[in-house]
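Participant: Shown below is the structure under consideration.
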Amino acid sequence: MMSAQQMLKVFVTRRIPQEGMKILQKAGMCNLSVWDSDEPVPRAELLKGVAGAHGLLCLLSDKVDAEVLDAAGPNLKVISTLSVGFDHLAIDEIKKRGIRVGYTPDVLTDATAELTVALLLATARRLPEGVEEVKNGGWSTWKPLWLCGYGLSGSTVGVIGLGRIGLAIARRLKPFGVKRLLYTGRQPKPQAQEVDGEYVPLDTLVRESDFVVVSCSLTPDTQGLCDKTFFSKMKKTSIFINTSRGAVVNQEDLFEALSSGQIAAAGLDVTTPEPLPTNHPLLTLNNCVVLPHIGSATYSTRGVMSELTANNLLAGLTGSEMPSELKL
């Protein structure tokens with residue numbers, strides 16, 4: 001065991017699944033300080049908690065910017081985030097200071113792709129509306145056109161961002177009888193062949209797709225990508241699905257497109273802000289299904305994410321190879 005002086009201070013910004021905590025406790029090198037709550041750490045407490053820390057274990061709700069890095073001071077060697085997205089981290093500042101970053105790609109791909117398919121089907125086939133009608137007495141008899149939606153069979157699906165998750169979504173949608181799978185991104189992907197993906201300009205994808213699925217990461221290029229112009233090119237019968245990051249969508253423009261019948265429906269697992277205020281205009285619409293960012297929420301996935309985050313952190317503290325390091 002290390003002596004108390006040699007113990008490395010680690011600040012953990014939230015209660016995380018036990019699997020990860022056990023690894024950190026067992027390692028015997030961490031002086032753990034945990035914001036022991038299911039709610040996000042207040043900014044003032046984050047700045048206080050991180051002071052003098054060698055390692056920071058954070059979540060996507062924690063904005064790690066220059067102020068936090070300055071508050072941490074020169075000891076900080078590693079930031080390990082319990083997420084695949086890293087738009088909450090000021091990467092340039094982190095790189096400048098020579099701090100390593102761990103994240104959790106791959107392990108949440110399957111769960112997020114499954115949830116995306118579930119959300120797409122729920123939105124296209126109007127499941128939440130159906131459940132509501134059963135409960136409120138709106139179900140009177142069988143009617144030929146009541147609660148009709150749109151099917152995947154023979155459809156064109158467009159995936160914006162055919163990365164790990166985008167490809168996993170495409171793989172799962174193909175067996176539904178999707179006729180064409182279009183995708184867009186910075187460059188064609190060799191692995192797209194596996195799903196007969198056609199690399200097309202964004203404009204083509206938006207105009208021709210019956211289902212537009214957003215699974216790109218949030219960057220300056222994708223911020224506000226789905227706006228008025230974007231929605232105006234979509235078919236009136238098309239369905240928009242976003243499980244990436246809320247800021248990729250201009251929500252005012254989406255509301256306009258949905259309420260005016262410019263597009264048929266939308267399913268969102270991500271919003272800005274998160275949580276979305278309960279009085280938000282999008283929540284007044286029947287043709288908008290909003291989920292509370294549960295893309296990776298299976299017990300096993302969250303457990304494995306927690307383990308990976310802990311192991312990334314320990315590797316960063318000891319200067320060894322991380323299981324999953326973000327290349328800065």
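Ordered as shown in the structure tokens, chains take letters A, B, and onward, while each chain numbers its residues from 1 and ligands are numbered from 1 in the order shown.
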Pick out each residue of stretch 17-141 of chain A that DSSP on the backbone tags as strand (DSSP E or B); I need them as a ChimeraX atom specification.
Facilitator: /A:30-34,55-58,64,78-81,89,100-102
Participant: Please provide as a list in words all residues within 6 Å of stretch 58-62 of chain A, with the sequence filter that same-chain residues fewer than 6 positions apart are discarded (counting only C-alpha atoms).
Facilitator: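 Selected residues are Thr13, Thr81, Leu82 and His88 of chain A.
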Participant: Let's have the selection written as an mmCIF file, in the first residue's frame, with all heavy atoms.
Facilitator:
```cif
data_model
loop_
_atom_site.group_PDB
_atom_site.id
_atom_site.type_symbol
_atom_site.label_atom_id
_atom_site.label_comp_id
_atom_site.auth_asym_id
_atom_site.auth_seq_id
_atom_site.Cartn_x
_atom_site.Cartn_y
_atom_site.Cartn_z
ATOM 1 N N THR A 13 -17.033 13.167 -9.931
ATOM 2 C CA THR A 13 -18.064 14.203 -9.910
ATOM 3 C C THR A 13 -19.491 13.702 -9.653
ATOM 4 O O THR A 13 -20.424 14.487 -9.676
ATOM 5 C CB THR A 13 -18.086 14.995 -11.238
ATOM 6 O OG1 THR A 13 -18.480 14.090 -12.293
ATOM 7 C CG2 THR A 13 -16.736 15.587 -11.568
ATOM 8 N N THR A 81 -13.771 10.389 -18.674
ATOM 9 C CA THR A 81 -15.194 10.706 -18.749
ATOM 10 C C THR A 81 -16.031 9.457 -18.993
ATOM 11 O O THR A 81 -15.646 8.592 -19.782
ATOM 12 C CB THR A 81 -15.485 11.792 -19.814
ATOM 13 O OG1 THR A 81 -16.886 12.074 -19.827
ATOM 14 C CG2 THR A 81 -15.056 11.369 -21.217
ATOM 15 N N LEU A 82 -17.150 9.373 -18.288
ATOM 16 C CA LEU A 82 -18.068 8.244 -18.391
ATOM 17 C C LEU A 82 -18.998 8.493 -19.587
ATOM 18 O O LEU A 82 -20.199 8.627 -19.441
ATOM 19 C CB LEU A 82 -18.880 8.125 -17.088
ATOM 20 C CG LEU A 82 -19.821 6.933 -16.932
ATOM 21 C CD1 LEU A 82 -19.052 5.707 -16.475
ATOM 22 C CD2 LEU A 82 -20.922 7.225 -15.917
ATOM 23 N N HIS A 88 -18.141 18.161 -23.891
ATOM 24 C CA HIS A 88 -18.154 18.897 -22.617
ATOM 25 C C HIS A 88 -16.736 19.213 -22.129
ATOM 26 O O HIS A 88 -16.558 19.882 -21.121
ATOM 27 C CB HIS A 88 -18.907 18.100 -21.544
ATOM 28 C CG HIS A 88 -18.373 16.706 -21.331
ATOM 29 N ND1 HIS A 88 -18.303 15.776 -22.347
ATOM 30 C CD2 HIS A 88 -17.881 16.084 -20.226
ATOM 31 C CE1 HIS A 88 -17.789 14.643 -21.870
ATOM 32 N NE2 HIS A 88 -17.531 14.818 -20.587
#
```
Participant: Would you kindly return, as an MDAnalysis selection string, each protein, DNA or RNA residue with an atom no farther than 10 Å from any atom of A:Glu129, considering only C-alpha atoms and excluding same-chain residues fewer than 5 positions away?
Facilitator: chainID A and resid 122:123 134:135 147 286:289
Participant: Would you mind exporting the chosen residues as a CSV table (one decimal), in the first residue's frame, restricted to N, CA, C and O atoms?
Facilitator:
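Output (result.csv):
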```csv
chain,number,residue,atom,x,y,z
A,122,ALA,N,-40.9,3.6,-32.4
A,122,ALA,CA,-41.9,4.2,-31.5
A,122,ALA,C,-42.4,5.5,-32.2
A,122,ALA,O,-43.6,5.8,-32.1
A,123,THR,N,-41.6,6.2,-32.8
A,123,THR,CA,-42.0,7.5,-33.4
A,123,THR,C,-42.8,7.2,-34.7
A,123,THR,O,-43.8,7.8,-34.9
A,134,VAL,N,-55.2,4.5,-25.3
A,134,VAL,CA,-55.7,3.4,-24.5
A,134,VAL,C,-56.1,3.9,-23.1
A,134,VAL,O,-57.2,3.5,-22.6
A,135,LYS,N,-55.2,4.7,-22.6
A,135,LYS,CA,-55.4,5.1,-21.2
A,135,LYS,C,-56.5,6.2,-21.0
A,135,LYS,O,-57.2,6.2,-20.0
A,147,LEU,N,-54.3,6.2,-36.1
A,147,LEU,CA,-53.0,6.0,-35.6
A,147,LEU,C,-52.0,5.3,-36.7
A,147,LEU,O,-51.1,4.6,-36.3
A,286,ASN,N,-47.9,16.1,-30.6
A,286,ASN,CA,-48.1,14.6,-30.6
A,286,ASN,C,-47.1,13.9,-31.5
A,286,ASN,O,-46.8,12.7,-31.3
A,287,ASN,N,-46.5,14.6,-32.5
A,287,ASN,CA,-45.6,14.0,-33.4
A,287,ASN,C,-44.2,14.2,-33.0
A,287,ASN,O,-43.3,14.1,-33.9
A,288,CYS,N,-43.9,14.4,-31.7
A,288,CYS,CA,-42.5,14.5,-31.3
A,288,CYS,C,-42.4,13.6,-30.0
A,288,CYS,O,-43.0,13.8,-29.0
A,289,VAL,N,-41.5,12.7,-30.1
A,289,VAL,CA,-41.2,11.7,-29.0
A,289,VAL,C,-39.9,12.1,-28.4
A,289,VAL,O,-38.9,12.1,-29.1
```
Participant: For A:Asp196, which residue among A:Thr156, A:Thr219, A:Thr272, A:Thr116 is the nearest when counting only C-alpha atoms?
Facilitator: A:Thr156
Participant: Mind running stretch 6-116 of chain A against stretch 290-304 of chain A at 7 Å and telling me each contacting residue's nearest atom pair with the distance in Å (one decimal), counting only C-alpha atoms, chain and number ascending, as JSON lines?
Facilitator:
```
{"residue": "A:Pro17", "atom": "CA", "partner": "A:Gly303", "partner_atom": "CA", "distance": 5.8}
{"residue": "A:Glu19", "atom": "CA", "partner": "A:Gly303", "partner_atom": "CA", "distance": 5.8}
{"residue": "A:Val107", "atom": "CA", "partner": "A:Thr301", "partner_atom": "CA", "distance": 6.6}
{"residue": "A:Leu108", "atom": "CA", "partner": "A:Ser296", "partner_atom": "CA", "distance": 5.5}
{"residue": "A:Ala111", "atom": "CA", "partner": "A:Ser296", "partner_atom": "CA", "distance": 5.1}
{"residue": "A:Thr112", "atom": "CA", "partner": "A:Gly295", "partner_atom": "CA", "distance": 4.4}
{"residue": "A:Leu115", "atom": "CA", "partner": "A:Gly295", "partner_atom": "CA", "distance": 5.5}
```
Participant: Could I get the residues of stretch 125-213 of chain A with an atom no further than 8 Å from an atom of stretch 222-241 of chain A, each paired with its nearest atom pair and that distance in Å to one decimal, using only C-alpha atoms, sorted by chain and residue number, as CSV?
Facilitator:
```
residue,atom,partner,partner_atom,distance
A:Asp203,CA,A:Lys233,CA,7.7
A:Val206,CA,A:Met234,CA,5.4
A:Arg207,CA,A:Met234,CA,5.0
A:Glu208,CA,A:Lys235,CA,7.5
A:Ser209,CA,A:Ser238,CA,7.0
A:Asp210,CA,A:Ser238,CA,4.5
A:Phe211,CA,A:Ile239,CA,4.8
A:Val212,CA,A:Phe240,CA,4.9
A:Val213,CA,A:Ile241,CA,4.7
```
Participant: When you count only C-alpha atoms, which of these residues is closest to A:Pro323: A:Leu32, A:Val68, A:Val101, A:Leu205?
Facilitator: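 Under the stated criterion, the closest residue is A:Val101.
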Participant: Record the distance separating atom CA of A:Asn75 and atom CA of A:Leu46, expressed in Å with one decimal.
Facilitator: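 Spanning atom CA of A:Asn75 to atom CA of A:Leu46 is a straight-line distance of 16.0 Å.
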Participant: Give me, as a ChimeraX atom specification, the residues of stretch 120-272 of chain A that a backbone DSSP run labels alpha helix (DSSP H).
Facilitator: /A:120-124,127-136,164-173,202-208,228-233,251-259
Participant: Would you please work out which residue, of A:Gly166, A:Ala90, A:Gly154, A:Ala71, is nearest to A:Lys189 when using only C-alpha atoms?
Facilitator: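 Among the listed residues, the smallest separation from A:Lys189 belongs to A:Gly166.
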Participant: So what do you get for atom CA of A:Gly246 versus atom CA of A:Lys63, distance-wise?
Facilitator: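 Between atom CA of A:Gly246 and atom CA of A:Lys63 the gap works out to 15.4 Å.
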Participant: With a distance cut-off of 9 Å and only C-alpha atoms, select the neighbouring residues of A:Leu173, excluding the residue or stretch itself and same-chain residues fewer than 4 positions from it, and output the selection as JSON, numbers by chain.
Facilitator: {"A": [117, 152, 157, 168, 169, 177, 178]}
Participant: Identify which of the residues A:Thr204, A:Asn136, A:Asn242, A:Thr104 lies closest to A:Gly161, counting only C-alpha atoms when measuring atom-to-atom distances.
Facilitator: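 Answer, going by the shortest atom-to-atom distance: A:Asn242.
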Participant: As an exercise, work out the distance from atom CA of A:Ile16 to atom CA of A:Leu326 in Å and give it to one decimal place.
Facilitator: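 Those two atoms sit 20.7 Å apart.
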Participant: May I ask which of the residues A:Thr271, A:Gln251, A:Thr309, A:Gln262 is the closest one to A:Gly55, counting only C-alpha atoms?
Facilitator: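 Selected residue with least distance to A:Gly55: A:Thr309.
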Participant: Need the shell around A:Lys96: protein/DNA/RNA residues with any atom at most 12 Å away, counting only C-alpha atoms. Skip same-chain ones fewer than 4 positions apart. Format as a list in words?
Facilitator: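 My reading of the contact set: Ala66, Leu69, Ala90, Ile91, Asp92, Arg100 and Leu328 of chain A.
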Participant: Please provide as a list in words all residues within 8 Å of A:Arg171, with the sequence filter that same-chain residues fewer than 4 positions apart are discarded (counting only C-alpha atoms).
Facilitator: Leu167, Pro175 and Val195 of chain A
Participant: Let me see the file: selected residues, C-alpha atoms, as a compact mmCIF listing (two decimals), in the first residue's frame.
Facilitator:
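Just written: out-v3.txt:
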```txt
# COMPACT_ATOMS: atom_id res chain seq x y z
CA LEU A 167 -22.94 1.71 -38.51
CA PRO A 175 -33.14 -6.56 -41.88
CA VAL A 195 -24.71 -2.42 -45.13
```
Participant: A:Lys179, A:Gly73, A:Arg245, A:Gly163: which is nearest A:Gln191, counting only C-alpha atoms?
Facilitator: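 Of all the options, A:Gly163 lies closest to A:Gln191.
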